[in-house]
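Novice: Can you keep this structure in mind? I'll have questions shortly.
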There are 2 protein chains.
Amino acid sequence: MRSNSSPTIKDVAREAGVSMATVSKVINDLPVGKASREKVEEAIDKLGYQANTYARALKSNKTYSVALVLPSLKHPFFAHLTDELTKSLMRNGYRALLMITNYDPKAEEKCFAMVRSNKTDGVIALTYSPNLNVGDNIPVVSIDRHLGDNIPCISSDNYRGGELAAKKLIELGCRNLLHLRFSTGIPGETDKRTAGFEFKCSESGINSHTLVLRDEGTEAPFYCFLEEHICGEKQEYDGIFCSSDLLANQIKRFINERGVSVPDQVQIIGYDGIPDRFTNGLTCSSIEQPLAKIADAAVDLILNFNGTSEGANICLPVKYVPGGTTKD
Amino acid sequence: MRSNSSPTIKDVAREAGVSMATVSKVINDLPVGKASREKVEEAIDKLGYQANTYARALKSNKTYSVALVLPSLKHPFFAHLTDELTKSLMRNGYRALLMITNYDPKAEEKCFAMVRSNKTDGVIALTYSPNLNVGDNIPVVSIDRHLGDNIPCISSDNYRGGELAAKKLIELGCRNLLHLRFSTGIPGETDKRTAGFEFKCSESGINSHTLVLRDEGTEAPFYCFLEEHICGEKQEYDGIFCSSDLLANQIKRFINERGVSVPDQVQIIGYDGIPDRFTNGLTCSSIEQPLAKIADAAVDLILNFNGTSEGANICLPVKYVPGGTTKD
């Protein structure tokens with residue numbers, strides 16, 4: 001008779017008619033005969049046995065958990081990315097250990113220290129620290145940032161995204177383009193949005209100007225520039241590419257309030273393409289990042305890490321999505 | 001000389017001039033003399049020693065991790081709540097194990113089975129399954145749902161929130177109130193929003209009508225009702241209380257598109273009060289939930305669980321915040 005408490009390895013052995021050592025081998029993925037393995041797996045299913053992950057972690061040196069280090073969940077891009085990463089890990093039988101850093105380099109260092117001592121099977125990180133001490137005992141995959149030569153980086157195809165934004169604005173009739181972006185100053189994948197945008201403008205013989213600011217929340221210089229070059233007597237630009245949907249919305253609101261019509265007088269394209277839950281649609285025309293694919297690629301790299309991913313840099317395709325701030 | 005690799009318990013013992021057994025006692029919170037404890041703690045600080053959490057978990061029967069079971073991070077309410085819960089756990093030296101269920105009762109059952117076998121120190125859950133098998137080996141705190149007599153539930157003061165919405169609409173001149181809400185059919189804390197709203201209307205002698213629908217995404221009957229009673233020749237209601245900001249925004253858009261002006265002809269109040277990152281402000285007037293306080297209360301209950309929280313039901317105060325869909 002089975003007891004009412006959780007089945008143990010002993011119960012599984014009895015049910016399968018094998019030794020406890022054999023059950024242990026199956027659970028810890030050690031070599032064992034096919035017939036025995038099948039019997040044990042059937043018994044595990046029948047009894048609903050679940051290994052104690054901690055004991056198992058010590059034995060197999062695997063924790064079946066991956067740390068997710070992210071700045072915040074209050075920005076929809078990070079919330080959607082974390083949602084996809086967690087679901088992808090769970091589909092693979094792994095657990096997601098969430099760490100929120102609030103964009104603080106010290107908190108990022110602390111997360112990596114915790115991760116090293118906790119011996120998770122890996123880290124997927126989106127960080128802002130310029131000189132993050134990642135350590136080399138643990139697989140790390142970075143999103144949108146290069147953390148080191150031997151750390152793979154996954155991102156949307158930022159260069160192509162920039163090109164695509166310029167191409168679309170030009171196709172839709174714009175002849176003087178402006179690019180507004182934030183940059184932390186730490187070289188990252190997102191810099192390529194600017195490079196792709198400027199290349200396409202130059203290739204097409206279209207006048208363009210780029211304005212870069214440090215840190216979100218310090219938009220004032222953008223507004224001064226817009227006041228002088230778009231909202232005043234002269235309207236020198238008719239198309240704007242912004243480094244995020246968030247910025248695109250701020251810019252739209254600012255010039256709208258000063259009587260400039262979007263998209264009639266000025267067309268705007270953002271970046272991210274995250275649908276807004278409040279309005280059920282896009283908040284602006286945008287370059288859409290393939291978040292579910294970025295998540296799956298990051299998880300796949302971590303779970304199949306073999307130490308040879310040196311220089312791996314995975315770019316996943318973006319697409320243009322119209323969302324009301326362009327004339328299409 | 002210290003080695004370059006991570007310091008071990010042996011290094012700490014040598015540095016502190018005590019035995020490894022003494023270090024182990026300090027790490028595992030067992031009784032040990034004050035002088036020895038201080039020496040060990042100094043050595044740990046000096047060497048930057050970090051215990052292997054898994055080994056420690058087995059010895060102390062503590063994992064220093066808490067599972068967060070939530071439906072999705074794509075809804076801003078859940079994303080903000082998860083952000084606050086994770087930060088609160090981290091401030092307490094705990095790890096957040098994130099599990100996303102996509103509103104699927106089977107996935108919720110699976111999460112609780114995983115949690116039981118993984119032996120986390122507790123679970124903070126926001127679930128939709130009507131008969132969730134929580135088990136009783138592990139501390140559980142529920143948010144907005146009653147999971148059982150012995151499981152504490154934390155929520156915003158939903159009854160007061162409903163009262164407050166009615167009170168504000170009446171103060172702002174509304175005389176015929178409508179309440180639109182979704183309900184999963186599973187009795188929950190959020191039902192009290194309706195009770196509070198209806199009580200206040202009745203107490204004030206104000207005509208009110210409540211319409212309840214199952215499941216988000218099936219708003220059609222709301223729209224039919226609005227078409228007939230607000231957007232047609234007669235405008236029978238001048239104030240609407242919606243069960244979320246999301247619904248408030250959908251309703252606002254629908255009646256706006258049919259030529260009814262908000263807030264001039266109809267005033268709307270939602271629930272949640274989550275600022276929208278895209279517009280940097282509220283998307284509607286709302287009853288604001290104290291998310292950081294809800295998170296702290298949930299974490300506090302889990303970390304100080306002593307099995308005597310029977311019937312605990314913590315309500316945290318809400319406040320009204322104007323956000324453009326009312327006349328204030």
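In the structure tokens, chains take letters A, B, ... by order of appearance, with residues numbered from 1 within each chain and ligands from 1 in the order shown.
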Fewer than 6 positions away in the same chain doesn't count, so skip those; otherwise give me all residues within 10 Å of Glu227 in chain B, counting only C-alpha atoms, as an MDAnalysis selection string.
Specialist: chainID B and resid 221 233:235 254:255 258
Novice: How would the residues just picked look written out with all heavy atoms as a PDB file, in the first residue's frame?
Specialist:
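Once everything was written out, this is out06.pdb:
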```
ATOM      1  N   PRO B 221     -20.931  42.344 -24.843  1.00  0.00           N
ATOM      2  CA  PRO B 221     -22.170  42.750 -24.151  1.00  0.00           C
ATOM      3  C   PRO B 221     -22.071  44.129 -23.495  1.00  0.00           C
ATOM      4  O   PRO B 221     -23.068  44.852 -23.439  1.00  0.00           O
ATOM      5  CB  PRO B 221     -22.348  41.652 -23.092  1.00  0.00           C
ATOM      6  CG  PRO B 221     -21.598  40.475 -23.635  1.00  0.00           C
ATOM      7  CD  PRO B 221     -20.430  41.046 -24.362  1.00  0.00           C
ATOM      8  N   GLU B 233     -29.853  57.815 -28.554  1.00  0.00           N
ATOM      9  CA  GLU B 233     -30.587  59.069 -28.342  1.00  0.00           C
ATOM     10  C   GLU B 233     -30.639  59.446 -26.868  1.00  0.00           C
ATOM     11  O   GLU B 233     -30.502  60.587 -26.488  1.00  0.00           O
ATOM     12  CB  GLU B 233     -32.008  58.932 -28.901  1.00  0.00           C
ATOM     13  CG  GLU B 233     -32.014  59.033 -30.421  1.00  0.00           C
ATOM     14  CD  GLU B 233     -33.389  58.775 -31.005  1.00  0.00           C
ATOM     15  OE1 GLU B 233     -34.393  58.884 -30.256  1.00  0.00           O
ATOM     16  OE2 GLU B 233     -33.453  58.447 -32.208  1.00  0.00           O
ATOM     17  N   LYS B 234     -30.839  58.425 -26.051  1.00  0.00           N
ATOM     18  CA  LYS B 234     -30.899  58.712 -24.619  1.00  0.00           C
ATOM     19  C   LYS B 234     -29.538  58.413 -24.001  1.00  0.00           C
ATOM     20  O   LYS B 234     -28.856  57.462 -24.398  1.00  0.00           O
ATOM     21  CB  LYS B 234     -32.001  57.907 -23.925  1.00  0.00           C
ATOM     22  CG  LYS B 234     -32.393  56.635 -24.678  1.00  0.00           C
ATOM     23  CD  LYS B 234     -33.492  55.844 -24.065  1.00  0.00           C
ATOM     24  CE  LYS B 234     -33.463  54.448 -24.738  1.00  0.00           C
ATOM     25  NZ  LYS B 234     -34.376  53.491 -24.189  1.00  0.00           N
ATOM     26  N   GLN B 235     -29.179  59.263 -23.049  1.00  0.00           N
ATOM     27  CA  GLN B 235     -27.935  59.016 -22.338  1.00  0.00           C
ATOM     28  C   GLN B 235     -28.308  58.807 -20.881  1.00  0.00           C
ATOM     29  O   GLN B 235     -28.469  59.757 -20.122  1.00  0.00           O
ATOM     30  CB  GLN B 235     -26.996  60.195 -22.517  1.00  0.00           C
ATOM     31  CG  GLN B 235     -25.581  59.858 -22.093  1.00  0.00           C
ATOM     32  CD  GLN B 235     -24.839  61.072 -21.624  1.00  0.00           C
ATOM     33  OE1 GLN B 235     -24.578  61.965 -22.419  1.00  0.00           O
ATOM     34  NE2 GLN B 235     -24.501  61.116 -20.336  1.00  0.00           N
ATOM     35  N   PHE B 254     -14.401  53.447 -26.718  1.00  0.00           N
ATOM     36  CA  PHE B 254     -15.643  53.050 -27.399  1.00  0.00           C
ATOM     37  C   PHE B 254     -16.660  54.192 -27.439  1.00  0.00           C
ATOM     38  O   PHE B 254     -17.199  54.512 -28.499  1.00  0.00           O
ATOM     39  CB  PHE B 254     -16.250  51.816 -26.706  1.00  0.00           C
ATOM     40  CG  PHE B 254     -17.510  51.326 -27.355  1.00  0.00           C
ATOM     41  CD1 PHE B 254     -17.456  50.465 -28.444  1.00  0.00           C
ATOM     42  CD2 PHE B 254     -18.766  51.736 -26.893  1.00  0.00           C
ATOM     43  CE1 PHE B 254     -18.626  50.021 -29.053  1.00  0.00           C
ATOM     44  CE2 PHE B 254     -19.937  51.297 -27.500  1.00  0.00           C
ATOM     45  CZ  PHE B 254     -19.867  50.433 -28.583  1.00  0.00           C
ATOM     46  N   ILE B 255     -16.894  54.828 -26.296  1.00  0.00           N
ATOM     47  CA  ILE B 255     -17.952  55.857 -26.306  1.00  0.00           C
ATOM     48  C   ILE B 255     -17.444  57.142 -26.967  1.00  0.00           C
ATOM     49  O   ILE B 255     -18.212  57.841 -27.623  1.00  0.00           O
ATOM     50  CB  ILE B 255     -18.554  56.113 -24.896  1.00  0.00           C
ATOM     51  CG1 ILE B 255     -17.551  56.698 -23.923  1.00  0.00           C
ATOM     52  CG2 ILE B 255     -19.164  54.847 -24.331  1.00  0.00           C
ATOM     53  CD1 ILE B 255     -18.185  57.035 -22.558  1.00  0.00           C
ATOM     54  N   ARG B 258     -18.058  57.063 -30.568  1.00  0.00           N
ATOM     55  CA  ARG B 258     -19.470  57.253 -30.905  1.00  0.00           C
ATOM     56  C   ARG B 258     -19.953  58.646 -30.535  1.00  0.00           C
ATOM     57  O   ARG B 258     -21.148  58.888 -30.387  1.00  0.00           O
ATOM     58  CB  ARG B 258     -20.298  56.163 -30.211  1.00  0.00           C
ATOM     59  CG  ARG B 258     -20.305  54.893 -31.063  1.00  0.00           C
ATOM     60  CD  ARG B 258     -20.369  53.627 -30.265  1.00  0.00           C
ATOM     61  NE  ARG B 258     -20.034  52.500 -31.127  1.00  0.00           N
ATOM     62  CZ  ARG B 258     -18.767  52.117 -31.384  1.00  0.00           C
ATOM     63  NH1 ARG B 258     -17.752  52.771 -30.856  1.00  0.00           N
ATOM     64  NH2 ARG B 258     -18.530  51.100 -32.181  1.00  0.00           N
TER      65      ARG B 258
END
```
Novice: Might you pull out every residue within 8 Å of range 184-201 of chain B, with only C-alpha atoms counted and same-chain residues fewer than 5 positions away left off, and present them as a list in words?
Specialist: Tyr128, Pro130, Asp144, Arg145, His146, Ser155, Asn158, Tyr159, Arg160, Gly161, Gly162, Glu163, Leu164, Ala165, Ala166, Lys167, Leu177, His179, Ile206, Asn207, Ser208, Thr210, Arg214, Asp215 and Ser243 of chain B
Novice: Just the strand (DSSP E or B) stuff from range 38-252 of chain B, please, per backbone DSSP, written as a count of residues only.
Specialist: 43
Novice: Between B:Lys327, B:His75, B:Lys62, B:Lys34, which residue has the minimum interatomic distance to chain A, considering only C-alpha atoms?
Specialist: B:His75
Novice: For CA of Leu73 in chain A and CA of Leu282 in chain B, quote the distance in Å rounded to one decimal.
Specialist: 17.4 Å
Novice: Compare B:Leu47, B:Leu301, B:Lys319, B:Cys111 by their minimum atom-to-atom distance to chain A, counting only C-alpha atoms, and give me the closest one.
Specialist: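 Closest residue, counting only C-alpha atoms: B:Cys111.
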Novice: Would you pick out the contacts of Glu15 in chain B at 12 Å or less, using only C-alpha atoms, so that residues sharing its chain but fewer than 6 positions from it are not included, and give the list as a PDB file with N, CA and C atoms, in the first residue's frame?
Specialist:
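Below is the file selection18.pdb, written as the result:
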```
ATOM      1  N   MET B   1      48.816  33.008   2.611  1.00  0.00           N
ATOM      2  CA  MET B   1      48.338  33.686   1.379  1.00  0.00           C
ATOM      3  C   MET B   1      46.977  33.144   0.950  1.00  0.00           C
ATOM      4  N   ARG B   2      46.111  34.059   0.516  1.00  0.00           N
ATOM      5  CA  ARG B   2      44.802  33.623   0.028  1.00  0.00           C
ATOM      6  C   ARG B   2      44.914  33.151  -1.414  1.00  0.00           C
ATOM      7  N   PRO B   7      36.748  31.892  -1.593  1.00  0.00           N
ATOM      8  CA  PRO B   7      37.154  31.376  -0.287  1.00  0.00           C
ATOM      9  C   PRO B   7      36.210  30.265   0.166  1.00  0.00           C
ATOM     10  N   THR B   8      36.783  29.274   0.859  1.00  0.00           N
ATOM     11  CA  THR B   8      35.977  28.164   1.345  1.00  0.00           C
ATOM     12  C   THR B   8      35.777  28.308   2.844  1.00  0.00           C
ATOM     13  N   ILE B   9      34.999  27.404   3.381  1.00  0.00           N
ATOM     14  CA  ILE B   9      34.746  27.369   4.816  1.00  0.00           C
ATOM     15  C   ILE B   9      36.074  27.158   5.572  1.00  0.00           C
ATOM     16  N   VAL B  23      32.657  27.422  12.265  1.00  0.00           N
ATOM     17  CA  VAL B  23      32.215  28.227  11.119  1.00  0.00           C
ATOM     18  C   VAL B  23      30.871  27.709  10.624  1.00  0.00           C
ATOM     19  N   SER B  36      33.242  33.635  19.368  1.00  0.00           N
ATOM     20  CA  SER B  36      33.514  32.850  18.157  1.00  0.00           C
ATOM     21  C   SER B  36      32.671  33.359  16.995  1.00  0.00           C
ATOM     22  N   LYS B  39      34.165  36.498  15.592  1.00  0.00           N
ATOM     23  CA  LYS B  39      35.395  36.238  14.826  1.00  0.00           C
ATOM     24  C   LYS B  39      35.049  35.672  13.451  1.00  0.00           C
ATOM     25  N   VAL B  40      34.116  34.733  13.418  1.00  0.00           N
ATOM     26  CA  VAL B  40      33.735  34.098  12.150  1.00  0.00           C
ATOM     27  C   VAL B  40      33.092  35.130  11.220  1.00  0.00           C
ATOM     28  N   GLU B  41      32.211  35.955  11.784  1.00  0.00           N
ATOM     29  CA  GLU B  41      31.527  36.955  10.949  1.00  0.00           C
ATOM     30  C   GLU B  41      32.523  37.956  10.363  1.00  0.00           C
ATOM     31  N   GLU B  42      33.518  38.334  11.176  1.00  0.00           N
ATOM     32  CA  GLU B  42      34.565  39.229  10.656  1.00  0.00           C
ATOM     33  C   GLU B  42      35.326  38.571   9.513  1.00  0.00           C
ATOM     34  N   ALA B  43      35.688  37.303   9.712  1.00  0.00           N
ATOM     35  CA  ALA B  43      36.441  36.578   8.676  1.00  0.00           C
ATOM     36  C   ALA B  43      35.627  36.447   7.391  1.00  0.00           C
ATOM     37  N   ILE B  44      34.325  36.182   7.560  1.00  0.00           N
ATOM     38  CA  ILE B  44      33.439  36.057   6.389  1.00  0.00           C
ATOM     39  C   ILE B  44      33.417  37.373   5.615  1.00  0.00           C
ATOM     40  N   ASP B  45      33.277  38.487   6.351  1.00  0.00           N
ATOM     41  CA  ASP B  45      33.272  39.802   5.703  1.00  0.00           C
ATOM     42  C   ASP B  45      34.595  40.062   5.000  1.00  0.00           C
ATOM     43  N   LYS B  46      35.705  39.786   5.710  1.00  0.00           N
ATOM     44  CA  LYS B  46      37.026  40.092   5.180  1.00  0.00           C
ATOM     45  C   LYS B  46      37.312  39.297   3.907  1.00  0.00           C
ATOM     46  N   LEU B  47      36.969  38.020   3.933  1.00  0.00           N
ATOM     47  CA  LEU B  47      37.294  37.160   2.780  1.00  0.00           C
ATOM     48  C   LEU B  47      36.223  37.222   1.691  1.00  0.00           C
ATOM     49  N   GLY B  48      35.064  37.809   2.022  1.00  0.00           N
ATOM     50  CA  GLY B  48      33.975  37.818   1.043  1.00  0.00           C
ATOM     51  C   GLY B  48      33.433  36.414   0.808  1.00  0.00           C
ATOM     52  N   TYR B  49      33.467  35.602   1.877  1.00  0.00           N
ATOM     53  CA  TYR B  49      32.974  34.229   1.756  1.00  0.00           C
ATOM     54  C   TYR B  49      31.464  34.220   1.554  1.00  0.00           C
TER      55      TYR B  49
END
```
Novice: I'd like to know which of B:Glu38, B:Glu203, B:Asp238, B:Asp272 is closest to chain A, using only C-alpha atoms.
Specialist: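 The closest residue to chain A is B:Asp272.
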